[in-house]
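Have a look at model_15.cif; it's mmCIF, C-alpha atoms:
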data_my_file
#
loop_
_atom_site.label_atom_id
_atom_site.label_comp_id
_atom_site.auth_asym_id
_atom_site.auth_seq_id
_atom_site.Cartn_x
_atom_site.Cartn_y
_atom_site.Cartn_z
CA MET A 37 0.00 0.00 0.00
CA PRO A 38 1.61 3.28 -1.00
CA ASP A 39 1.69 5.59 2.01
CA PHE A 40 3.84 8.67 1.55
CA ALA A 41 6.05 9.96 -1.24
CA ALA A 42 9.55 8.53 -0.67
CA PRO A 43 11.21 11.86 0.29
CA VAL A 44 8.45 12.49 2.85
CA SER A 45 8.93 8.99 4.31
CA ARG A 46 12.64 9.67 4.54
CA LEU A 47 12.00 12.97 6.36
CA ILE A 48 9.60 11.22 8.77
CA ASP A 49 12.24 8.55 9.46
CA GLU A 50 14.89 11.17 10.19
CA LEU A 51 12.54 13.14 12.46
CA LYS A 52 11.70 9.92 14.37
CA ARG A 53 15.34 9.59 15.40
CA LEU A 54 14.96 12.73 17.53
CA PRO A 55 14.33 12.08 21.24
CA GLY A 56 10.65 12.05 22.22
CA ILE A 57 9.46 12.14 18.60
CA GLY A 58 7.33 9.15 17.64
CA GLN A 59 5.65 8.21 14.36
CA LYS A 60 2.64 10.50 14.78
CA THR A 61 4.62 13.56 15.82
CA ALA A 62 7.16 12.94 13.06
CA GLN A 63 4.32 12.82 10.52
CA ARG A 64 2.83 16.03 11.88
CA LEU A 65 6.20 17.79 11.76
CA ALA A 66 6.96 16.49 8.26
CA PHE A 67 3.60 17.66 6.90
CA HIS A 68 4.14 21.00 8.61
CA LEU A 69 7.52 21.33 6.90
CA MET A 70 5.87 20.48 3.58
CA ARG A 71 3.15 23.10 4.12
CA VAL A 72 5.17 26.15 5.26
CA ASP A 73 7.11 28.39 2.84
CA GLY A 74 10.15 26.71 1.37
CA GLU A 75 12.23 29.40 3.03
CA GLU A 76 11.15 28.48 6.56
CA ALA A 77 11.76 24.76 6.01
CA LEU A 78 15.18 25.35 4.49
CA ALA A 79 16.07 27.73 7.35
CA LEU A 80 15.73 24.75 9.71
CA ALA A 81 17.88 22.56 7.46
CA GLU A 82 20.45 25.35 7.29
CA ALA A 83 20.38 25.92 11.07
CA ILE A 84 21.15 22.24 11.68
CA ARG A 85 24.00 22.30 9.19
CA GLY A 86 25.34 25.66 10.46
CA ALA A 87 25.26 24.57 14.08
CA ARG A 88 26.99 21.27 13.33
CA GLU A 89 29.66 22.98 11.27
CA SER A 90 30.54 25.84 13.62
CA VAL A 91 29.76 24.49 17.08
CA HIS A 92 32.26 22.35 18.98
CA ALA A 93 33.33 21.66 22.55
CA CYS A 94 35.17 24.55 24.27
CA PRO A 95 38.81 23.42 24.62
CA VAL A 96 38.86 24.73 28.22
CA CYS A 97 35.55 23.61 29.76
CA GLY A 98 33.84 21.35 27.20
CA ASN A 99 30.76 23.61 26.81
CA LEU A 100 29.27 23.83 23.28
CA THR A 101 30.60 26.95 21.61
CA ASP A 102 31.28 28.59 18.28
CA VAL A 103 34.11 30.75 19.68
CA ASP A 104 37.31 29.71 21.53
CA PRO A 105 37.24 29.90 24.49
CA CYS A 106 33.48 29.79 25.15
CA LEU A 107 31.36 32.69 26.42
CA TYR A 108 31.85 31.59 30.04
CA CYS A 109 35.56 30.79 29.95
CA GLY A 110 36.24 33.99 28.03
CA GLY A 111 33.64 36.10 29.87
CA PRO A 112 35.25 39.13 31.52
CA GLY A 113 32.88 39.32 34.49
CA ARG A 114 33.11 35.68 35.62
CA ASN A 115 34.57 34.66 38.99
CA ARG A 116 37.58 32.49 38.16
CA LYS A 117 37.88 31.03 41.65
CA THR A 118 34.92 28.68 41.29
CA ILE A 119 34.23 25.90 38.79
CA CYS A 120 30.84 24.23 38.63
CA VAL A 121 31.03 20.70 37.18
CA VAL A 122 28.00 19.51 35.18
CA GLU A 123 27.24 16.40 33.12
CA GLU A 124 25.99 18.06 29.93
CA ALA A 125 26.34 21.49 28.34
CA THR A 126 22.58 21.90 28.56
CA ASN A 127 22.79 21.78 32.39
CA ILE A 128 24.66 25.09 32.35
CA LEU A 129 21.45 26.88 31.43
CA SER A 130 19.65 25.53 34.51
CA ILE A 131 22.35 27.03 36.72
CA GLU A 132 22.56 30.31 34.81
CA LYS A 133 18.81 30.72 35.26
CA THR A 134 19.32 31.16 39.01
CA ARG A 135 21.19 34.40 38.14
CA GLN A 136 23.26 33.85 41.31
CA TYR A 137 26.23 31.86 40.05
CA GLY A 138 28.92 33.91 38.34
CA GLY A 139 31.75 31.38 38.21
CA LEU A 140 33.11 29.07 35.53
CA TYR A 141 31.85 25.69 34.34
CA HIS A 142 33.25 22.32 33.40
CA VAL A 143 31.24 19.88 31.26
CA LEU A 144 32.01 16.19 31.85
CA GLY A 145 30.07 14.94 28.85
CA GLY A 146 28.16 12.36 30.90
CA ALA A 147 28.42 10.49 34.19
CA LEU A 148 30.23 7.36 35.34
CA SER A 149 28.24 4.27 34.46
CA PRO A 150 30.05 0.94 34.82
CA LEU A 151 27.06 -0.89 33.31
CA GLY A 152 26.93 1.52 30.38
CA GLY A 153 30.67 1.11 29.85
CA ILE A 154 31.43 4.73 30.78
CA GLY A 155 34.56 4.91 32.92
CA PRO A 156 36.48 8.00 34.08
CA GLU A 157 38.61 7.92 30.91
CA LYS A 158 35.52 8.63 28.78
CA LEU A 159 34.66 11.78 30.73
CA ASN A 160 36.25 15.20 30.39
CA ILE A 161 38.10 14.86 33.73
CA LYS A 162 41.73 15.20 32.67
CA SER A 163 41.20 18.77 31.49
CA LEU A 164 39.52 19.59 34.82
CA LEU A 165 42.69 18.52 36.63
CA GLU A 166 44.70 20.71 34.23
CA ARG A 167 42.54 23.70 35.12
CA LEU A 168 43.13 23.22 38.84
CA LYS A 169 46.95 23.25 38.42
CA SER A 170 47.09 27.04 38.14
CA GLY A 171 46.04 27.30 41.80
CA ILE A 172 43.51 30.06 41.11
CA VAL A 173 40.47 27.81 41.63
CA GLU A 174 39.38 27.63 45.27
CA GLU A 175 36.12 25.69 45.01
CA VAL A 176 34.72 23.00 42.72
CA ILE A 177 30.92 22.66 42.95
CA ILE A 178 29.78 19.27 41.69
CA ALA A 179 26.40 19.68 40.03
CA THR A 180 26.00 16.27 38.40
CA ASN A 181 22.44 14.88 38.44
CA PRO A 182 21.14 13.43 41.75
CA THR A 183 20.95 9.99 40.10
CA VAL A 184 22.95 6.85 40.89
CA GLU A 185 25.42 7.69 38.08
CA GLY A 186 25.61 11.37 39.00
CA GLU A 187 26.23 10.58 42.69
CA ALA A 188 28.91 8.02 41.80
CA THR A 189 30.59 10.62 39.61
CA ALA A 190 30.42 13.18 42.42
CA MET A 191 32.03 10.72 44.86
CA TYR A 192 34.74 9.84 42.36
CA LEU A 193 35.56 13.50 41.64
CA SER A 194 35.53 14.41 45.31
CA LYS A 195 38.16 11.71 46.08
CA LEU A 196 40.21 12.82 43.10
CA LEU A 197 40.12 16.57 43.77
CA LYS A 198 40.28 16.91 47.55
CA PRO A 199 43.99 15.87 47.74
CA LEU A 200 44.75 18.83 45.43
CA GLY A 201 43.81 21.21 48.23
CA VAL A 202 40.66 22.55 46.59
CA ARG A 203 37.29 22.83 48.34
CA VAL A 204 34.86 20.32 46.78
CA THR A 205 31.13 20.85 47.33
CA ARG A 206 27.96 19.12 46.13
CA ILE A 207 24.62 20.77 45.31
CA ALA A 208 21.87 20.02 47.88
CA THR A 209 19.25 17.34 47.37
CA GLY A 210 15.85 17.67 49.07
CA VAL A 211 12.21 18.41 48.45
CA PRO A 212 11.76 20.85 45.54
CA VAL A 213 10.47 24.33 46.35
CA GLY A 214 6.72 24.63 45.79
CA SER A 215 6.13 20.88 46.02
CA GLU A 216 4.17 19.05 48.73
CA LEU A 217 5.77 16.55 51.09
CA GLU A 218 2.91 14.16 50.35
CA TYR A 219 4.31 13.63 46.86
CA ALA A 220 8.01 13.40 47.74
CA ASP A 221 9.52 9.93 47.32
CA GLU A 222 11.16 8.37 50.36
CA VAL A 223 14.74 8.80 49.15
CA THR A 224 14.24 12.51 48.48
CA MET A 225 12.56 12.88 51.87
CA LEU A 226 15.44 11.06 53.55
CA LYS A 227 17.95 13.36 51.82
CA ALA A 228 15.89 16.39 52.87
CA MET A 229 15.95 15.21 56.51
CA GLU A 230 19.66 14.41 56.41
CA GLY A 231 20.47 17.75 54.88
CA ARG A 232 18.42 19.78 57.40
CA ARG A 233 19.87 23.09 58.51
CA GLU A 234 19.60 25.34 61.59
CA LEU A 235 16.96 28.08 61.30
CA MET B 147 24.13 36.67 30.37
CA PRO B 148 25.56 34.46 27.63
CA ASP B 149 23.30 31.45 27.19
CA PHE B 150 24.03 29.39 24.10
CA ALA B 151 26.47 29.69 21.25
CA ALA B 152 24.78 31.76 18.49
CA PRO B 153 24.38 28.87 16.00
CA VAL B 154 22.75 26.75 18.72
CA SER B 155 20.35 29.61 19.58
CA ARG B 156 19.49 29.91 15.93
CA LEU B 157 18.79 26.17 15.70
CA ILE B 158 16.59 26.35 18.83
CA ASP B 159 14.66 29.27 17.30
CA GLU B 160 14.08 27.35 14.07
CA LEU B 161 12.98 24.21 15.94
CA LYS B 162 10.53 26.30 18.01
CA ARG B 163 8.66 27.23 14.83
CA LEU B 164 7.57 23.59 14.45
CA PRO B 165 4.07 22.84 15.77
CA GLY B 166 3.97 21.59 19.36
CA ILE B 167 7.65 22.33 19.95
CA GLY B 168 8.24 24.81 22.79
CA GLN B 169 11.43 26.27 24.23
CA LYS B 170 12.31 23.24 26.39
CA THR B 171 11.71 20.64 23.68
CA ALA B 172 13.57 22.77 21.13
CA GLN B 173 16.55 22.94 23.51
CA ARG B 174 16.46 19.18 24.05
CA LEU B 175 16.28 18.51 20.31
CA ALA B 176 19.05 21.01 19.55
CA PHE B 177 21.38 19.48 22.15
CA HIS B 178 20.53 16.04 20.81
CA LEU B 179 21.48 17.19 17.29
CA MET B 180 24.74 18.58 18.67
CA ARG B 181 25.54 15.32 20.46
CA VAL B 182 24.83 12.70 17.75
CA ASP B 183 27.25 11.96 14.88
CA GLY B 184 27.51 14.75 12.37
CA GLU B 185 26.19 12.34 9.78
CA GLU B 186 22.88 11.77 11.57
CA ALA B 187 22.28 15.48 12.10
CA LEU B 188 23.11 16.33 8.51
CA ALA B 189 20.85 13.49 7.30
CA LEU B 190 17.92 15.35 8.87
CA ALA B 191 18.96 18.65 7.25
CA GLU B 192 19.29 16.84 3.94
CA ALA B 193 15.93 15.08 4.33
CA ILE B 194 14.20 18.45 4.85
CA ARG B 195 15.92 19.95 1.84
CA GLY B 196 15.33 16.84 -0.32
CA ALA B 197 11.65 16.64 0.59
CA ARG B 198 11.09 20.34 -0.10
CA GLU B 199 12.87 20.13 -3.41
CA SER B 200 11.26 17.00 -4.82
CA VAL B 201 7.82 16.88 -3.20
CA HIS B 202 4.90 18.86 -4.61
CA ALA B 203 1.13 18.58 -4.91
CA CYS B 204 -0.11 15.87 -7.31
CA PRO B 205 -1.55 17.70 -10.34
CA VAL B 206 -4.56 15.36 -10.28
CA CYS B 207 -5.57 15.03 -6.62
CA GLY B 208 -3.41 17.46 -4.64
CA ASN B 209 -1.72 14.73 -2.54
CA LEU B 210 1.96 15.31 -1.67
CA THR B 211 4.08 13.38 -4.15
CA ASP B 212 7.47 13.16 -5.78
CA VAL B 213 6.11 11.45 -8.91
CA ASP B 214 3.38 12.62 -11.34
CA PRO B 215 0.69 11.46 -10.92
CA CYS B 216 0.90 10.38 -7.26
CA LEU B 217 0.98 6.78 -6.01
CA TYR B 218 -2.81 6.70 -5.61
CA CYS B 219 -3.79 8.41 -8.87
CA GLY B 220 -1.28 6.31 -10.77
CA GLY B 221 -1.82 3.12 -8.74
CA PRO B 222 -2.89 0.23 -11.00
CA GLY B 223 -5.07 -1.51 -8.42
CA ARG B 224 -7.19 1.47 -7.35
CA ASN B 225 -10.94 1.67 -7.93
CA ARG B 226 -11.43 4.70 -10.19
CA LYS B 227 -15.17 4.96 -9.54
CA THR B 228 -14.81 6.44 -6.08
CA ILE B 229 -13.07 9.61 -4.88
CA CYS B 230 -12.61 10.32 -1.19
CA VAL B 231 -12.26 14.04 -0.46
CA VAL B 232 -10.05 15.00 2.50
CA GLU B 233 -8.81 18.30 3.92
CA GLU B 234 -5.09 17.52 4.13
CA ALA B 235 -2.74 15.01 2.50
CA THR B 236 -1.97 13.59 5.93
CA ASN B 237 -5.64 12.50 6.30
CA ILE B 238 -5.13 9.97 3.49
CA LEU B 239 -3.05 7.83 5.81
CA SER B 240 -5.89 7.58 8.36
CA ILE B 241 -8.15 6.19 5.64
CA GLU B 242 -5.51 3.89 4.15
CA LYS B 243 -4.98 2.40 7.62
CA THR B 244 -8.48 0.90 7.51
CA ARG B 245 -7.21 -1.28 4.62
CA GLN B 246 -10.76 -1.27 3.26
CA TYR B 247 -10.81 1.72 0.94
CA GLY B 248 -9.28 1.11 -2.48
CA GLY B 249 -10.46 4.19 -4.36
CA LEU B 250 -8.90 7.51 -5.26
CA TYR B 251 -8.43 10.65 -3.19
CA HIS B 252 -8.80 14.37 -3.56
CA VAL B 253 -7.01 16.79 -1.19
CA LEU B 254 -8.75 20.15 -0.68
CA GLY B 255 -5.84 21.75 1.15
CA GLY B 256 -8.04 22.94 4.02
CA ALA B 257 -11.68 23.62 4.82
CA LEU B 258 -14.01 26.56 4.27
CA SER B 259 -13.57 29.14 7.00
CA PRO B 260 -15.24 32.51 6.38
CA LEU B 261 -13.66 33.93 9.56
CA GLY B 262 -10.23 32.65 8.53
CA GLY B 263 -10.68 34.17 5.08
CA ILE B 264 -10.73 30.76 3.34
CA GLY B 265 -13.40 30.71 0.64
CA PRO B 266 -14.07 28.01 -1.99
CA GLU B 267 -11.60 29.65 -4.39
CA LYS B 268 -8.73 28.92 -1.99
CA LEU B 269 -9.49 25.20 -1.91
CA ASN B 270 -8.61 22.61 -4.52
CA ILE B 271 -12.25 22.31 -5.71
CA LYS B 272 -11.97 23.29 -9.37
CA SER B 273 -9.76 20.29 -10.16
CA LEU B 274 -12.28 18.02 -8.38
CA LEU B 275 -14.99 19.22 -10.79
CA GLU B 276 -12.58 18.54 -13.69
CA ARG B 277 -12.12 14.97 -12.48
CA LEU B 278 -15.87 14.35 -12.39
CA LYS B 279 -16.33 15.44 -16.01
CA SER B 280 -15.08 12.13 -17.42
CA GLY B 281 -18.19 10.43 -16.00
CA ILE B 282 -16.20 7.49 -14.59
CA VAL B 283 -16.62 8.56 -10.97
CA GLU B 284 -19.82 7.26 -9.38
CA GLU B 285 -19.37 8.25 -5.75
CA VAL B 286 -17.64 11.07 -3.90
CA ILE B 287 -17.09 10.33 -0.19
CA ILE B 288 -16.60 13.54 1.78
CA ALA B 289 -14.17 12.84 4.61
CA THR B 290 -13.49 16.36 5.83
CA ASN B 291 -13.10 16.70 9.62
CA PRO B 292 -16.29 16.59 11.73
CA THR B 293 -15.66 20.21 12.80
CA VAL B 294 -17.69 23.33 12.01
CA GLU B 295 -15.40 24.11 9.06
CA GLY B 296 -15.30 20.52 7.84
CA GLU B 297 -19.10 20.19 8.01
CA ALA B 298 -19.59 23.49 6.18
CA THR B 299 -17.19 22.29 3.47
CA ALA B 300 -19.08 19.00 3.21
CA MET B 301 -22.40 20.85 2.81
CA TYR B 302 -20.92 23.16 0.20
CA LEU B 303 -19.43 20.29 -1.82
CA SER B 304 -22.61 18.26 -1.59
CA LYS B 305 -24.66 21.13 -3.10
CA LEU B 306 -22.03 21.62 -5.78
CA LEU B 307 -21.60 17.97 -6.78
CA LYS B 308 -25.09 16.46 -6.55
CA PRO B 309 -26.38 18.30 -9.66
CA LEU B 310 -23.58 16.59 -11.61
CA GLY B 311 -25.36 13.27 -11.10
CA VAL B 312 -22.72 11.76 -8.81
CA ARG B 313 -23.53 10.05 -5.50
CA VAL B 314 -22.22 12.21 -2.64
CA THR B 315 -21.75 10.59 0.79
CA ARG B 316 -20.37 11.75 4.15
CA ILE B 317 -18.39 9.64 6.65
CA ALA B 318 -20.39 8.76 9.79
CA THR B 319 -20.07 10.70 13.03
CA GLY B 320 -20.84 8.96 16.33
CA VAL B 321 -19.25 7.54 19.45
CA PRO B 322 -15.77 6.16 18.72
CA VAL B 323 -15.29 2.40 18.94
CA GLY B 324 -13.86 1.34 22.31
CA SER B 325 -14.99 4.51 24.08
CA GLU B 326 -17.61 4.77 26.84
CA LEU B 327 -20.85 6.69 26.41
CA GLU B 328 -20.20 8.36 29.76
CA TYR B 329 -17.37 10.33 28.17
CA ALA B 330 -19.05 11.23 24.87
CA ASP B 331 -19.92 14.92 24.50
CA GLU B 332 -23.56 15.77 23.84
CA VAL B 333 -23.09 16.73 20.18
CA THR B 334 -21.32 13.43 19.40
CA MET B 335 -24.04 11.57 21.32
CA LEU B 336 -26.75 13.42 19.37
CA LYS B 337 -25.05 12.53 16.07
CA ALA B 338 -24.76 8.90 17.19
CA MET B 339 -28.50 8.79 17.96
CA GLU B 340 -29.44 10.52 14.72
CA GLY B 341 -27.25 8.18 12.71
CA ARG B 342 -28.63 4.98 14.30
CA ARG B 343 -29.05 1.97 12.05
CA GLU B 344 -31.28 -1.14 11.97
CA LEU B 345 -29.66 -4.20 13.55
#

In structure tokens, how does this file's structure come out?
Amino acid sequence: MPDFAAPVSRLIDELKRLPGIGQKTAQRLAFHLMRVDGEEALALAEAIRGARESVHACPVCGNLTDVDPCLYCGGPGRNRKTICVVEEATNILSIEKTRQYGGLYHVLGGALSPLGGIGPEKLNIKSLLERLKSGIVEEVIIATNPTVEGEATAMYLSKLLKPLGVRVTRIATGVPVGSELEYADEVTMLKAMEGRREL
Amino acid sequence: MPDFAAPVSRLIDELKRLPGIGQKTAQRLAFHLMRVDGEEALALAEAIRGARESVHACPVCGNLTDVDPCLYCGGPGRNRKTICVVEEATNILSIEKTRQYGGLYHVLGGALSPLGGIGPEKLNIKSLLERLKSGIVEEVIIATNPTVEGEATAMYLSKLLKPLGVRVTRIATGVPVGSELEYADEVTMLKAMEGRREL
């Protein structure tokens, strides 16, 4: 049974490879791209190509950038005494949104996962050690995800970095602001109790 | 505050123009496209470009196609006595999925919408009249959406086509199979009662 013209099927197949895009959404997006002006559709194709061609990992911190060093590493107003370590470049945005952190970043490119075959050698750790050699950095904040892999990575980094005489801290885990205790899972609740502070 | 590298921001902006894609999803998709092999990302860009360049409306029925006439109009096994009229090319798939309809299609490219400024002259109606001239077609099934616009379009087409001596039918509206009456809205329920059949 003929379904779609071959180039449309090919577009649907490529769209389906995107995370969270299934057959129905891919079809909807493909038909949208067929319906809009040619210019708008080609602008997306061009944006993908342009981003892939010009964007690469910052040689200092591993963030995605089109300039060397990246906007954070090269930013004039950033506090160079603190490095916040994250798993992915996209996590930087979550921290920037707080508008309170003005330090530098370091992107690991993932988290330790023995089952997934990701050991320390696959993460961007060596360049982090390089950055600490200058002696300017006073604190490393480990902001990996509060998952099994993220916690394992935090523990590993903490053991690795503490002997270098730098302060190593970990972001707090607990009940999210605006949530209700009723809906907190027991591990989060336990962490919230453990991490209680004086009022 | 620097957020993303400019080419990544541009990609996010282009992705956000897709239907149902907001800021967060666009960011996730963009970072995915930055993370996968270059080849996979460029395959998507190329699929968009390729589809836009080779795919156009079938000169006979208006379906999206890369060959003239399209796979349905040119299909050897299709019943040429019946034409099913749909609003968009994507609706053809819903009908093909039933595996029961073997006739031809006609894509209007939308529905009548006086408020939206879409009159009969903006729809692919003239070529439908052309197709009926040969006298081969015996039945036109109107499968526009069961919305105000779709119903108005169905009424309009019915008045236009009946004088040509062709049988004009409309797909049934009623409670969907597998649903519960409790959740049917009153208009659907009314249509289901009106459209009742002898058992």

Give as number ranges by chain the residues that the PyMOL selection byres ((chain B) within 8 of (chain A)) matches when applied to the coordinates above. B: 147-154, 156-157, 160-161, 164-165, 173-175, 177-180, 184, 187-198, 200-201, 210-213, 216-218, 236, 239, 242

Just say which residues the PyMOL selection byres ((chain A and resi 123) around 6) picks in this file, as a list in words.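 So the PyMOL selection byres ((chain A and resi 123) around 6) ends up selecting Val122, Glu124, Val143, Leu144, Gly145, Gly146 and Thr180 of chain A.
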
Tell me, in Å to one decimal, how far CA of Leu148 in chain A is from CA of Ala188 in chain A.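 These atoms are spaced 6.6 Å apart.
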
Take the PyMOL selection byres ((chain A and resi 206-221) around 6), apply it to the structure above, and return the hits as number ranges by chain. A: 177-179, 205, 222-224, 227-228

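CA of Lys227 in chain B is positioned 9.8 Å from CA of Leu278 in chain B.
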
Here is a test: counting only C-alpha atoms, which residue of A:Gly139, A:Gly98, A:Pro150, A:Gly201 is nearest to Ile119 in chain A? A:Gly139

As an exercise, work out the distance from CA of Leu140 in chain A to CA of Val121 in chain A in Å and give it to one decimal place.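 Separating CA of Leu140 in chain A from CA of Val121 in chain A is a distance of 8.8 Å.
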
For Val184 in chain A, find every residue with an atom within 10 Å (counting only C-alpha atoms), except residues of its own chain fewer than 3 positions away, and show them as a PyMOL selection string. chain A and resi 147-149+181+187-190

Could you name the residues that touch Thr228 in chain B at 7 Å or less, counting only C-alpha atoms, but leaving out those on the same chain fewer than 3 positions away, as an NGL selection string? :B and (225 or 249-250 or 283-286)
